[in-house]
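Below is final_12.txt, which holds compact mmCIF, C-alpha atoms.
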```txt
# COMPACT_ATOMS: atom_id res chain seq x y z
CA MET A 22 303.33 322.22 -48.56
CA SER A 23 305.82 320.48 -50.86
CA ALA A 24 306.68 321.81 -54.34
CA GLU A 25 304.87 318.82 -55.95
CA LEU A 26 301.63 319.62 -54.10
CA LYS A 27 301.87 323.30 -55.04
CA VAL A 28 302.29 322.49 -58.75
CA LEU A 29 299.50 319.88 -58.56
CA SER A 30 297.13 322.40 -56.90
CA VAL A 31 297.81 325.04 -59.58
CA LEU A 32 297.33 322.54 -62.43
CA LEU A 33 294.10 321.20 -60.88
CA VAL A 34 292.67 324.73 -60.51
CA VAL A 35 293.64 325.52 -64.14
CA TRP A 36 292.09 322.27 -65.44
CA VAL A 37 288.83 322.58 -63.45
CA GLY A 38 288.49 326.23 -64.56
CA LEU A 39 289.19 325.41 -68.21
CA PHE A 40 286.84 322.42 -68.20
CA PHE A 41 283.85 324.30 -66.80
CA TYR A 42 284.51 327.23 -69.13
CA LEU A 43 284.49 324.85 -72.12
CA LEU A 44 281.32 323.22 -70.80
CA HIS A 45 279.71 326.64 -70.48
CA LEU A 46 280.69 327.51 -74.08
CA ASP A 47 279.30 324.18 -75.24
CA ARG A 48 275.90 324.89 -73.64
CA GLU A 49 275.79 328.43 -75.01
CA ILE A 50 276.45 327.17 -78.55
CA ARG A 51 273.72 324.54 -78.14
CA LYS A 52 271.26 327.24 -77.02
CA ILE A 53 272.12 329.41 -80.05
CA LYS A 54 271.72 326.40 -82.38
CA ASP A 55 268.34 325.57 -80.78
CA ARG A 56 267.13 329.14 -81.41
CA GLN A 57 268.22 329.09 -85.07
CA PRO A 58 265.50 327.98 -87.52
CA MET B 7 260.50 318.17 -73.64
CA SER B 8 261.11 320.04 -70.37
CA SER B 9 264.39 321.83 -69.77
CA ALA B 10 265.15 319.44 -66.86
CA GLN B 11 264.70 316.45 -69.19
CA ARG B 12 266.79 318.14 -71.85
CA ASP B 13 269.53 318.83 -69.28
CA GLY B 14 269.37 315.18 -68.18
CA ASN B 15 269.76 313.96 -71.76
CA TRP B 16 272.50 316.48 -72.31
CA PHE B 17 274.42 315.06 -69.34
CA PHE B 18 274.25 311.49 -70.68
CA ARG B 19 274.94 312.51 -74.28
CA HIS B 20 278.16 314.19 -73.17
CA TRP B 21 279.39 311.50 -70.77
CA TRP B 22 282.79 311.47 -72.50
CA LYS B 23 283.44 315.05 -71.38
CA TRP B 24 282.99 314.02 -67.75
CA LEU B 25 285.28 311.05 -68.43
CA LEU B 26 287.85 313.51 -69.81
CA PHE B 27 287.42 315.70 -66.73
CA LEU B 28 287.91 312.84 -64.26
CA GLY B 29 290.63 311.22 -66.38
CA MET B 30 292.73 314.40 -66.45
CA ILE B 31 292.34 314.83 -62.67
CA LEU B 32 293.45 311.20 -62.21
CA VAL B 33 296.45 311.70 -64.53
CA LEU B 34 297.48 314.84 -62.61
CA ALA B 35 297.03 313.15 -59.23
CA ALA B 36 298.87 309.99 -60.38
CA THR B 37 301.75 312.05 -61.80
CA PHE B 38 302.37 313.99 -58.62
CA LEU B 39 301.16 311.64 -55.88
CA TRP B 40 301.22 308.04 -57.10
CA LEU B 41 304.08 307.48 -59.57
CA PRO B 42 307.40 306.62 -57.96
CA VAL B 43 310.11 309.15 -58.81
CA VAL B 44 312.23 307.90 -61.73
CA GLN B 45 315.85 307.12 -60.81
CA ARG B 46 318.67 307.88 -63.22
CA PRO B 47 322.40 307.17 -63.02
CA ALA B 48 324.54 310.10 -61.80
CA TRP B 49 328.33 310.21 -61.54
CA ASP B 50 329.51 310.24 -57.93
CA ALA B 51 332.97 311.85 -57.79
CA ALA B 52 333.55 310.75 -54.19
CA THR B 53 333.33 307.04 -55.04
CA ASN B 54 334.22 307.32 -58.76
CA SER B 55 331.12 305.36 -59.73
CA TRP B 56 327.61 305.75 -61.16
CA LYS B 57 324.87 305.93 -58.54
CA PRO B 58 321.08 306.18 -58.93
CA GLU B 59 319.70 309.66 -58.34
CA PRO B 60 316.02 310.70 -58.07
CA TRP B 61 314.83 312.64 -61.13
CA PRO B 62 311.51 314.41 -60.39
CA LEU B 63 311.66 316.37 -63.68
CA PHE B 64 310.39 313.26 -65.52
CA ARG B 65 306.87 314.50 -64.64
CA ILE B 66 307.06 317.24 -67.29
CA MET B 67 307.39 314.53 -69.96
CA ILE B 68 303.85 313.26 -69.13
CA PHE B 69 302.44 316.60 -70.39
CA HIS B 70 305.15 317.85 -72.75
CA VAL B 71 305.12 314.86 -75.13
CA PRO B 72 301.28 314.74 -75.49
CA MET B 73 301.32 318.50 -76.25
CA SER B 74 303.83 317.95 -79.08
CA TRP B 75 301.80 314.95 -80.27
CA VAL B 76 298.57 316.99 -80.35
CA ALA B 77 300.35 319.79 -82.24
CA THR B 78 301.46 317.28 -84.91
CA ILE B 79 297.95 315.75 -85.10
CA ALA B 80 296.44 319.25 -85.41
CA PHE B 81 298.75 320.15 -88.30
CA LEU B 82 297.84 316.85 -89.99
CA VAL B 83 294.11 317.62 -89.57
CA ALA B 84 294.71 321.11 -91.00
CA THR B 85 296.45 319.57 -94.03
CA ILE B 86 293.65 317.06 -94.68
CA HIS B 87 291.06 319.87 -94.63
CA SER B 88 293.29 322.09 -96.76
CA ILE B 89 293.37 319.36 -99.43
CA GLN B 90 289.57 319.29 -99.19
CA VAL B 91 289.49 323.08 -99.71
CA LEU B 92 291.50 322.72 -102.92
CA ARG B 93 289.30 319.85 -104.14
CA THR B 94 285.86 321.24 -103.28
CA GLY B 95 286.34 324.90 -102.35
CA SER B 96 284.41 324.19 -99.13
CA ARG B 97 284.11 327.14 -96.73
CA LEU B 98 283.61 324.75 -93.81
CA ALA B 99 286.81 322.84 -94.67
CA ASP B 100 288.70 326.16 -94.67
CA LEU B 101 287.33 327.00 -91.21
CA LYS B 102 288.26 323.52 -89.95
CA ALA B 103 291.79 323.83 -91.38
CA ALA B 104 292.34 327.28 -89.86
CA THR B 105 291.00 326.13 -86.48
CA ALA B 106 293.20 323.03 -86.46
CA SER B 107 296.23 325.20 -87.32
CA GLU B 108 295.39 327.60 -84.47
CA LEU B 109 295.18 324.73 -82.00
CA GLY B 110 298.36 323.17 -83.40
CA LEU B 111 300.14 326.46 -82.86
CA LEU B 112 298.73 326.75 -79.32
CA PHE B 113 299.79 323.21 -78.36
CA GLY B 114 303.16 323.73 -80.07
CA ILE B 115 303.76 326.84 -77.96
CA MET B 116 302.69 324.97 -74.80
CA ALA B 117 305.10 322.14 -75.67
CA THR B 118 307.88 324.71 -76.16
CA VAL B 119 307.12 326.39 -72.82
CA THR B 120 307.06 323.09 -70.90
CA GLY B 121 310.26 322.06 -72.71
CA SER B 122 311.89 325.35 -71.72
CA ILE B 123 310.95 324.87 -68.06
CA TRP B 124 312.52 321.41 -68.25
CA ALA B 125 315.64 322.83 -69.98
CA ARG B 126 316.00 325.49 -67.26
CA TYR B 127 316.47 322.85 -64.57
CA GLU B 128 318.23 320.25 -66.70
CA TRP B 129 320.54 322.33 -68.90
CA GLY B 130 320.73 325.55 -66.85
CA SER B 131 318.90 327.92 -69.16
CA PHE B 132 315.43 328.28 -70.69
CA TRP B 133 316.74 328.43 -74.25
CA ASN B 134 319.84 326.67 -75.60
CA TRP B 135 319.33 326.55 -79.39
CA ASP B 136 319.27 322.77 -79.17
CA PRO B 137 318.15 321.16 -82.50
CA ARG B 138 314.78 320.23 -80.94
CA GLU B 139 314.22 323.75 -79.66
CA THR B 140 315.29 325.30 -82.94
CA SER B 141 313.13 322.98 -85.06
CA ILE B 142 309.97 323.62 -82.96
CA LEU B 143 310.65 327.37 -83.12
CA ILE B 144 310.89 327.20 -86.93
CA LEU B 145 307.62 325.22 -86.99
CA ILE B 146 305.90 327.81 -84.79
CA LEU B 147 307.13 330.60 -87.09
CA ILE B 148 305.94 328.70 -90.19
CA TYR B 149 302.43 328.31 -88.75
CA GLY B 150 302.51 331.88 -87.39
CA ALA B 151 303.10 333.05 -90.98
CA TYR B 152 300.01 331.02 -92.02
CA PHE B 153 297.85 333.40 -89.94
CA ALA B 154 299.71 336.45 -91.23
CA LEU B 155 298.89 335.22 -94.75
CA ARG B 156 295.22 334.67 -93.87
CA SER B 157 294.85 338.12 -92.35
CA ALA B 158 296.50 339.76 -95.40
CA ILE B 159 293.95 338.45 -97.94
CA PRO B 160 290.51 340.08 -97.77
CA THR B 161 288.74 337.93 -100.40
CA GLU B 162 287.34 334.81 -98.78
CA THR B 163 287.78 332.33 -101.66
CA THR B 164 291.32 333.53 -102.49
CA ARG B 165 292.23 333.40 -98.79
CA ALA B 166 290.89 329.86 -98.48
CA ARG B 167 292.77 328.58 -101.55
CA LEU B 168 296.09 330.33 -100.88
CA SER B 169 296.17 329.39 -97.21
CA ALA B 170 295.27 325.79 -98.14
CA VAL B 171 298.30 325.62 -100.46
CA TYR B 172 300.47 327.17 -97.73
CA ALA B 173 299.16 324.74 -95.08
CA ILE B 174 299.97 321.74 -97.31
CA LEU B 175 303.50 323.05 -98.01
CA ALA B 176 303.96 323.85 -94.29
CA PHE B 177 302.99 320.31 -93.32
CA LEU B 178 305.71 318.92 -95.62
CA MET B 179 308.15 320.52 -93.16
CA VAL B 180 306.60 318.80 -90.10
CA PRO B 181 308.14 315.30 -90.52
CA PHE B 182 311.47 316.91 -91.41
CA LEU B 183 311.51 319.29 -88.41
CA VAL B 184 309.85 317.03 -85.83
CA PHE B 185 311.26 313.60 -86.70
CA ILE B 186 314.29 313.86 -89.02
CA VAL B 187 316.38 316.90 -87.95
CA PRO B 188 316.45 316.05 -84.20
CA ARG B 189 317.62 312.51 -85.05
CA MET B 190 320.28 313.64 -87.52
CA VAL B 191 321.99 316.28 -85.38
CA GLU B 192 323.62 315.75 -81.97
CA SER B 193 321.17 316.94 -79.34
CA LEU B 194 320.96 317.21 -75.57
CA HIS B 195 317.27 316.37 -75.78
CA PRO B 196 316.34 312.98 -74.25
CA ALA B 197 315.96 310.08 -76.70
CA PRO B 198 312.57 309.73 -78.42
CA ILE B 199 309.87 307.87 -76.46
CA LEU B 200 309.81 305.21 -79.18
CA ASP B 201 313.21 303.55 -79.53
CA ARG B 202 314.70 302.21 -82.78
CA ARG B 203 312.73 298.94 -82.36
CA GLY B 204 309.50 300.91 -81.99
CA LYS B 205 309.17 300.04 -78.29
CA MET B 206 308.70 302.27 -75.24
CA GLN B 207 311.26 301.78 -72.50
CA MET B 208 309.18 302.78 -69.48
CA ASP B 209 308.01 301.30 -66.20
CA LYS B 210 304.50 299.86 -66.43
CA GLU B 211 302.92 302.45 -64.10
CA LEU B 212 304.58 305.34 -65.93
CA LEU B 213 303.52 303.91 -69.29
CA VAL B 214 299.85 303.69 -68.17
CA VAL B 215 299.83 307.31 -66.96
CA PHE B 216 301.69 308.52 -70.06
CA LEU B 217 299.39 306.77 -72.54
CA SER B 218 296.32 308.00 -70.60
CA SER B 219 297.65 311.55 -70.82
CA LEU B 220 298.28 311.11 -74.57
CA THR B 221 294.71 309.86 -75.12
CA LEU B 222 293.11 312.59 -72.96
CA PHE B 223 295.06 315.38 -74.65
CA THR B 224 293.96 314.03 -78.06
CA ILE B 225 290.30 314.02 -76.90
CA LEU B 226 290.74 317.55 -75.50
CA PHE B 227 292.06 318.69 -78.88
CA GLY B 228 289.03 317.15 -80.63
CA TRP B 229 286.67 318.93 -78.26
CA LEU B 230 288.43 322.32 -78.58
CA TRP B 231 288.47 321.98 -82.36
CA HIS B 232 284.78 321.14 -82.56
CA LEU B 233 283.92 323.96 -80.11
CA LYS B 234 285.84 326.60 -82.03
CA VAL B 235 284.32 325.56 -85.37
CA SER B 236 280.81 325.60 -83.81
CA ILE B 237 281.39 329.05 -82.23
CA VAL B 238 282.35 330.59 -85.59
CA ARG B 239 279.42 328.92 -87.35
CA ALA B 240 276.96 330.04 -84.64
CA ARG B 241 278.37 333.60 -84.65
CA ASP B 242 278.24 333.95 -88.44
CA ARG B 243 274.94 331.97 -88.72
CA TRP B 244 275.99 329.30 -91.24
```
Starting from the file, lay out its structure as structure tokens.
Amino acid sequence: MSAELKVLSVLLVVWVGLFFYLLHLDREIRKIKDRQP
Amino acid sequence: MSSAQRDGNWFFRHWWKWLLFLGMILVLAATFLWLPVVQRPAWDAATNSWKPEPWPLFRIMIFHVPMSWVATIAFLVATIHSIQVLRTGSRLADLKAATASELGLLFGIMATVTGSIWARYEWGSFWNWDPRETSILILILIYGAYFALRSAIPTETTRARLSAVYAILAFLMVPFLVFIVPRMVESLHPAPILDRRGKMQMDKELLVVFLSSLTLFTILFGWLWHLKVSIVRARDRW
């Protein structure tokens, strides 16, 4: 595997992980807001 | 409304997040797989002439510059909300200013790290005390002190007002450190993206990927900022 592909793979894993974590946080906040009067 | 319906609506209401997700994947893939490697002139001692040489390090620029851009935007947002704190005493404006400063600091550090990686391969060492490196370090220290100030004041209203004054004064240093100093002093740093005529000297493909990255990083900042503000408000119930 070339150096470019290695760096690309790492960055893709980081981005996908970060994105779904942010999405998860977003949904949790929405749930808390829905529960608040 | 059923939870399935609510989830469906949620998906369509947040379409821009999926656009951000796909856009960033496309930018990453284009940077490493699609863009042709930039050629730059290199001195060939054997023939005593300049010859084009592949320069794969240009890829860092596609992420490094948007990170610096987002840091500057974040500090601007922090200043605008700090002015609002002084005018209205709003607690929400204080939270927004502090959050924007945090993100500005984070993106500033990321820009410094990516710049250092670039410097390692281009100049031979991670840190060279180049004017650009020195000015971003000073900026990071200035905004680091902002959080030291915030943590040192226990009273909420005093903390909000004092840190607002500090944030406004700190932002006065941003144009000086980011735009003026690096242009006044001799630097090894590559020329600014915008030349003296205000134009970008880039190949069309590179320009498209670069501007996409700039836009996506700005949207990511907006999302992170909104998320952090919402988390604090949900946690503290206000």
Nearest candidate to Ser122 (chain B) (options B:Gly95, B:Ile66, B:Leu183, B:Ile89; using all atoms listed in the file):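 Looking at the shortest contact to Ser122 (chain B), the residue is B:Ile66.
In this comparison, which uses all atoms listed in the file, the residue of B:Thr37, B:Ser131, B:Asn54, B:Ser157 approaching Leu32 (chain A) most closely is B:Thr37.
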Identify every residue of chain A that has at least one atom within 8 Å of any atom of chain B, counting all atoms listed in the file, and report the result as a list in words.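 Every residue meeting the condition is included here: Glu25, Leu26, Leu29, Leu32, Leu33, Trp36, Val37, Phe40, Leu43, Leu46, Asp47, Ile50, Ile53 and Lys54 of chain A.
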Taken to one decimal, the CA of Leu194 (chain B)-CA of Asn134 (chain B) distance is 9.5 Å
With 4 Å of padding per side, what axis-aligned box (centre and edge lengths, Å, one decimal) covers all the listed atoms of region 50-54 of chain A? Give it as AutoDock Vina command-line options.
```
--center_x 273.9 --center_y 327.0 --center_z -79.7 --size_x 13.2 --size_y 12.9 --size_z 13.4
```
Nearest-residue call for Ala24 (chain A), choices B:Leu32, B:Leu213, B:Leu178, B:Leu63, using all atoms listed in the file: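 Once distances to Ala24 (chain A) are computed over all atoms listed in the file, the minimum belongs to B:Leu63.
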Coordinates-based distance that separates CA of Val33 (chain B) from CA of Leu220 (chain B) (Å, one decimal): 10.2 Å
For the atom pair CA of Phe227 (chain B) and CA of Val35 (chain A), what is the interatomic distance in Å to one decimal place?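 Taking CA of Phe227 (chain B) and CA of Val35 (chain A), their separation equals 16.3 Å.
By all atoms listed in the file, and with residues fewer than 2 positions from Arg156 (chain B) along its chain excluded, the set lying at most 8 Å from it is Tyr152, Phe153, Ala154, Ala158, Ile159, Arg165, Ala166 and Ser169 of chain B.
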Looking at only C-alpha atoms, which of B:Val171, B:Thr163, B:Trp124, B:Thr118 is the one that sits closest to Ile146 (chain B)?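 Checking each candidate against Ile146 (chain B), we get B:Thr118 as the closest.
Ranking B:Ala84, B:Leu212, B:Leu217, B:Ile115 by their shortest atom-to-atom distance to Trp40 (chain B), with only C-alpha atoms included, puts B:Leu212 first.
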Would you list the contacts of Glu108 (chain B) as an NGL selection string, taking every protein, DNA or RNA residue within 10 Å and counting only C-alpha atoms, but skipping same-chain residues closer than 3 positions in sequence? :B and (77 or 80-81 or 84 or 102-105 or 111-114 or 149-150 or 152-153 or 231 or 234)
Resulting file, chosen residues, C-alpha atoms, as an mmCIF file, keeping the file's coordinate frame:
```cif
data_model
loop_
_atom_site.group_PDB
_atom_site.id
_atom_site.type_symbol
_atom_site.label_atom_id
_atom_site.label_comp_id
_atom_site.auth_asym_id
_atom_site.auth_seq_id
_atom_site.Cartn_x
_atom_site.Cartn_y
_atom_site.Cartn_z
ATOM 1 C CA ALA B 77 300.350 319.790 -82.240
ATOM 2 C CA ALA B 80 296.440 319.250 -85.410
ATOM 3 C CA PHE B 81 298.750 320.150 -88.300
ATOM 4 C CA ALA B 84 294.710 321.110 -91.000
ATOM 5 C CA LYS B 102 288.260 323.520 -89.950
ATOM 6 C CA ALA B 103 291.790 323.830 -91.380
ATOM 7 C CA ALA B 104 292.340 327.280 -89.860
ATOM 8 C CA THR B 105 291.000 326.130 -86.480
ATOM 9 C CA LEU B 111 300.140 326.460 -82.860
ATOM 10 C CA LEU B 112 298.730 326.750 -79.320
ATOM 11 C CA PHE B 113 299.790 323.210 -78.360
ATOM 12 C CA GLY B 114 303.160 323.730 -80.070
ATOM 13 C CA TYR B 149 302.430 328.310 -88.750
ATOM 14 C CA GLY B 150 302.510 331.880 -87.390
ATOM 15 C CA TYR B 152 300.010 331.020 -92.020
ATOM 16 C CA PHE B 153 297.850 333.400 -89.940
ATOM 17 C CA TRP B 231 288.470 321.980 -82.360
ATOM 18 C CA LYS B 234 285.840 326.600 -82.030
#
```
